[in-house]
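As structure tokens, the structure follows; a few thoughts come after it.
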2 protein chains.
Amino acid sequence: MSQDGIDLETSLGYLLKEASSALRVAMEAVLRPLGMTVTHYSCLELLAQRPGLSSSELARGAFVTRQSMNVLLHTLERDGYVTRPAEARVGKVLPAQLTERGRQSLDEATAAVRSVEVRMLGGMTADEQAGAYRTLQGMIHRLRDDL
Amino acid sequence: MSQDGIDLETSLGYLLKEASSALRVAMEAVLRPLGMTVTHYSCLELLAQRPGLSSSELARGAFVTRQSMNVLLHTLERDGYVTRPAEARVGKVLPAQLTERGRQSLDEATAAVRSVEVRMLGGMTADEQAGAYRTLQGMIHRLRDDL
DNA sequence: TCGTTCGTGTCAGTTGTCTGACATGGCCGA
DNA sequence: TCGGCCATGTCAGACAACTGACACGAACGA
């Protein structure tokens with residue numbers, strides 16, 4: 001019987017999806033005026049913190065396929081936000097770098113995204129945040145364990 | 001400067017997205033053999049627990065637009081998983097119902113999804129789960145507050 | 001040394017979801 | 001009563017992301 005299915009009212013999986021959806025919607029709302037999508041922003045933020053990342057590494061960091069990241073990266077390159085060498089120095093890896101324009105664009109976006117995160121965390125104590133951090137990391141670890 | 005941007009290593013927002021991504025990947029992995037996507041499953045599960053939901057209500061419950069849910073619902077109807085009246089009894093709302101085939105299909109999927117959720121929650125105490133529940137609900141509430 | 005395995009970049013085609021727009025039918029408040 | 005407002009279902013087009021496939025170079029073990 002499906003009467004005893006996953007109870008959507010109490011399921012942590014459903015709630016996790018709901019929270020993620022709410023976060024995505026909120027981020028899209030503040031990023032849209034800047035002409036940016038969430039993946040777009042994620043890519044720039046990753047590059048700022050880890051310059052020289054390859055397209056595949058960026059893809060893993062932004063939770064999309066390397067094919068998707070590749071087309072995004074070509075767009076960002078065409079529009080002058082990032083640069084990549086024309087040829088690989090080693091293997092086939094093309095390390096990407098932020099341009100000055102990319103950095104400026106990222107700074108605006110970071111401020112907007114930070115405001116969303118601050119709002120999301122509003123009222124939570126440091127202990128509660130630490131607890132949430134451990135909980136989420138535990139979930140991630142167990143979900144990926146037996147693949 | 002972007003040096004002090006959102007720290008991806010400690011950001012709860014990033015971790016939330018990561019956890020959601022891991023959950024989605026794990027669910028896709030167990031649902032794929034059944035020929036089902038996550039949205040597909042979500043739709044059936046919602047209908048099982050709340051028979052008579054409209055397409056728009058299902059869309060909100062599955063966190064997609066009503067346009068997306070509409071095309072999915074037409075497919076499910078064509079394949080005999082759900083039924084909808086040809087005409088609206090009141091307004092334009094077309095309440096959907098699971099067919100017997102839909103119920104059977106859902107039962108398989110529910111077992112698979114439950115195994116994922118059990119794995120994700122493995123080792124967490126009831127207190128920890130309750131804490132995670134409150135934390136996520138707080139985040140959702142605050143994120144949606146000022147829209 | 002050589003062969004296997006892995007990661008990367010890329011091309012092509014498909015699918016899913018989204019935005020924008022429209023008409024329609026309830027639901028109030030003036 | 002009626003006008004505005006809202007939610008619904010639907011159509012069309014655009015776009016983002018996916019799957020599948022291929023070639024190439026590096027890394028590792030036999």
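Residue numbers start at 1 in each chain; chains themselves are named A, B, ... in the order of the structure tokens; ligands are numbered from 1 in the order shown.
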
Residues of chain B within 10 Å of chain D, only C-alpha atoms (C1' of nucleotides) counted, as an NGL selection string: :B and (54-57 or 66-67 or 70 or 91-94)

Test item: chain B residues at most 12 Å from chain C, counting only C-alpha atoms (C1' of nucleotides), as a ChimeraX atom specification: /B:37-40,59,63-72,88-93

Include C-alpha atoms and write out the residues we just selected as a PDB file, in the first residue's frame.
```
ATOM      1  CA  THR B  37      12.715  10.848 -12.632  1.00  0.00           C
ATOM      2  CA  VAL B  38      12.644  12.657  -9.298  1.00  0.00           C
ATOM      3  CA  THR B  39       9.915  15.066 -10.416  1.00  0.00           C
ATOM      4  CA  HIS B  40       7.943  12.128 -11.797  1.00  0.00           C
ATOM      5  CA  ALA B  59       3.853  22.056  -9.246  1.00  0.00           C
ATOM      6  CA  PHE B  63       9.133  22.828  -6.720  1.00  0.00           C
ATOM      7  CA  VAL B  64       8.706  23.299 -10.461  1.00  0.00           C
ATOM      8  CA  THR B  65       6.592  25.732 -12.491  1.00  0.00           C
ATOM      9  CA  ARG B  66       3.013  24.860 -13.309  1.00  0.00           C
ATOM     10  CA  GLN B  67       3.964  24.736 -16.981  1.00  0.00           C
ATOM     11  CA  SER B  68       6.529  22.024 -16.328  1.00  0.00           C
ATOM     12  CA  MET B  69       4.142  20.046 -14.178  1.00  0.00           C
ATOM     13  CA  ASN B  70       1.498  20.337 -16.852  1.00  0.00           C
ATOM     14  CA  VAL B  71       3.598  18.618 -19.508  1.00  0.00           C
ATOM     15  CA  LEU B  72       4.632  15.925 -17.015  1.00  0.00           C
ATOM     16  CA  ALA B  88     -13.568  21.143 -14.854  1.00  0.00           C
ATOM     17  CA  ARG B  89     -16.473  20.800 -12.429  1.00  0.00           C
ATOM     18  CA  VAL B  90     -15.616  24.128 -10.869  1.00  0.00           C
ATOM     19  CA  GLY B  91     -13.519  26.886 -12.384  1.00  0.00           C
ATOM     20  CA  LYS B  92     -10.681  25.555 -14.511  1.00  0.00           C
ATOM     21  CA  VAL B  93      -9.224  23.209 -11.887  1.00  0.00           C
TER      22      VAL B  93
END
```

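Of the residues in segment 5-120 of chain B, those that DSSP places in strand (DSSP E) on the basis of the backbone are Val82, Thr83, Gln97 and Leu98 of chain B.
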
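Considering only C-alpha atoms, the residue among B:Leu106, B:Leu73, B:Ala130, B:Ala86 positioned nearest to Leu53 of chain B is B:Leu73.
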
Contact residues (chain B, partner chain A, 8 Å, only C-alpha atoms) as a ChimeraX atom specification: /B:1-3,5-6,8,12-13,15-23,26,45-46,48-49,63,103,106-107,110,114,116-117,119-122,128-129,132-133,135-140,142-144

Please produce a file of those selected residues containing C-alpha atoms, as an mmCIF file, in the first residue's frame.
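That gives us part.cif:
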```
data_model
loop_
_atom_site.group_PDB
_atom_site.id
_atom_site.type_symbol
_atom_site.label_atom_id
_atom_site.label_comp_id
_atom_site.auth_asym_id
_atom_site.auth_seq_id
_atom_site.Cartn_x
_atom_site.Cartn_y
_atom_site.Cartn_z
ATOM 1 C CA MET B 1 37.975 42.740 -3.073
ATOM 2 C CA SER B 2 36.749 39.282 -3.780
ATOM 3 C CA GLN B 3 39.323 37.760 -1.472
ATOM 4 C CA GLY B 5 33.912 36.430 -0.699
ATOM 5 C CA ILE B 6 31.605 33.670 0.412
ATOM 6 C CA LEU B 8 32.850 27.880 0.002
ATOM 7 C CA LEU B 12 26.029 26.746 4.889
ATOM 8 C CA GLY B 13 24.404 27.849 1.650
ATOM 9 C CA LEU B 15 26.713 22.978 1.862
ATOM 10 C CA LEU B 16 22.939 23.003 1.510
ATOM 11 C CA LYS B 17 23.276 22.979 -2.248
ATOM 12 C CA GLU B 18 25.842 20.203 -2.022
ATOM 13 C CA ALA B 19 23.586 18.075 0.175
ATOM 14 C CA SER B 20 20.634 18.629 -2.102
ATOM 15 C CA SER B 21 22.740 17.689 -5.104
ATOM 16 C CA ALA B 22 23.939 14.501 -3.407
ATOM 17 C CA LEU B 23 20.365 13.591 -2.519
ATOM 18 C CA ALA B 26 21.238 9.269 -5.118
ATOM 19 C CA GLU B 45 3.860 10.654 -4.077
ATOM 20 C CA LEU B 46 2.005 13.943 -3.704
ATOM 21 C CA ALA B 48 -1.020 9.454 -3.167
ATOM 22 C CA GLN B 49 -1.060 11.574 -0.044
ATOM 23 C CA PHE B 63 9.133 22.828 -6.720
ATOM 24 C CA ARG B 103 -0.211 3.249 -7.338
ATOM 25 C CA LEU B 106 4.681 4.418 -6.844
ATOM 26 C CA ASP B 107 5.020 1.534 -4.393
ATOM 27 C CA THR B 110 8.721 4.563 -2.556
ATOM 28 C CA ARG B 114 12.987 5.185 1.414
ATOM 29 C CA VAL B 116 18.018 6.412 0.186
ATOM 30 C CA GLU B 117 16.494 8.419 2.999
ATOM 31 C CA ARG B 119 20.949 5.752 4.318
ATOM 32 C CA MET B 120 21.097 9.545 4.489
ATOM 33 C CA LEU B 121 19.802 9.531 8.064
ATOM 34 C CA GLY B 122 21.931 6.579 9.142
ATOM 35 C CA GLU B 128 19.621 15.238 15.822
ATOM 36 C CA GLN B 129 16.898 14.635 13.251
ATOM 37 C CA ALA B 132 17.878 19.309 11.587
ATOM 38 C CA TYR B 133 14.167 19.560 10.953
ATOM 39 C CA THR B 135 16.930 24.259 11.384
ATOM 40 C CA LEU B 136 15.796 23.601 7.818
ATOM 41 C CA GLN B 137 12.311 24.903 8.490
ATOM 42 C CA GLY B 138 13.759 28.056 9.986
ATOM 43 C CA MET B 139 15.918 28.605 6.919
ATOM 44 C CA ILE B 140 12.966 28.081 4.580
ATOM 45 C CA ARG B 142 13.360 33.251 6.602
ATOM 46 C CA LEU B 143 14.273 32.834 2.941
ATOM 47 C CA ARG B 144 10.649 33.230 1.893
#
```
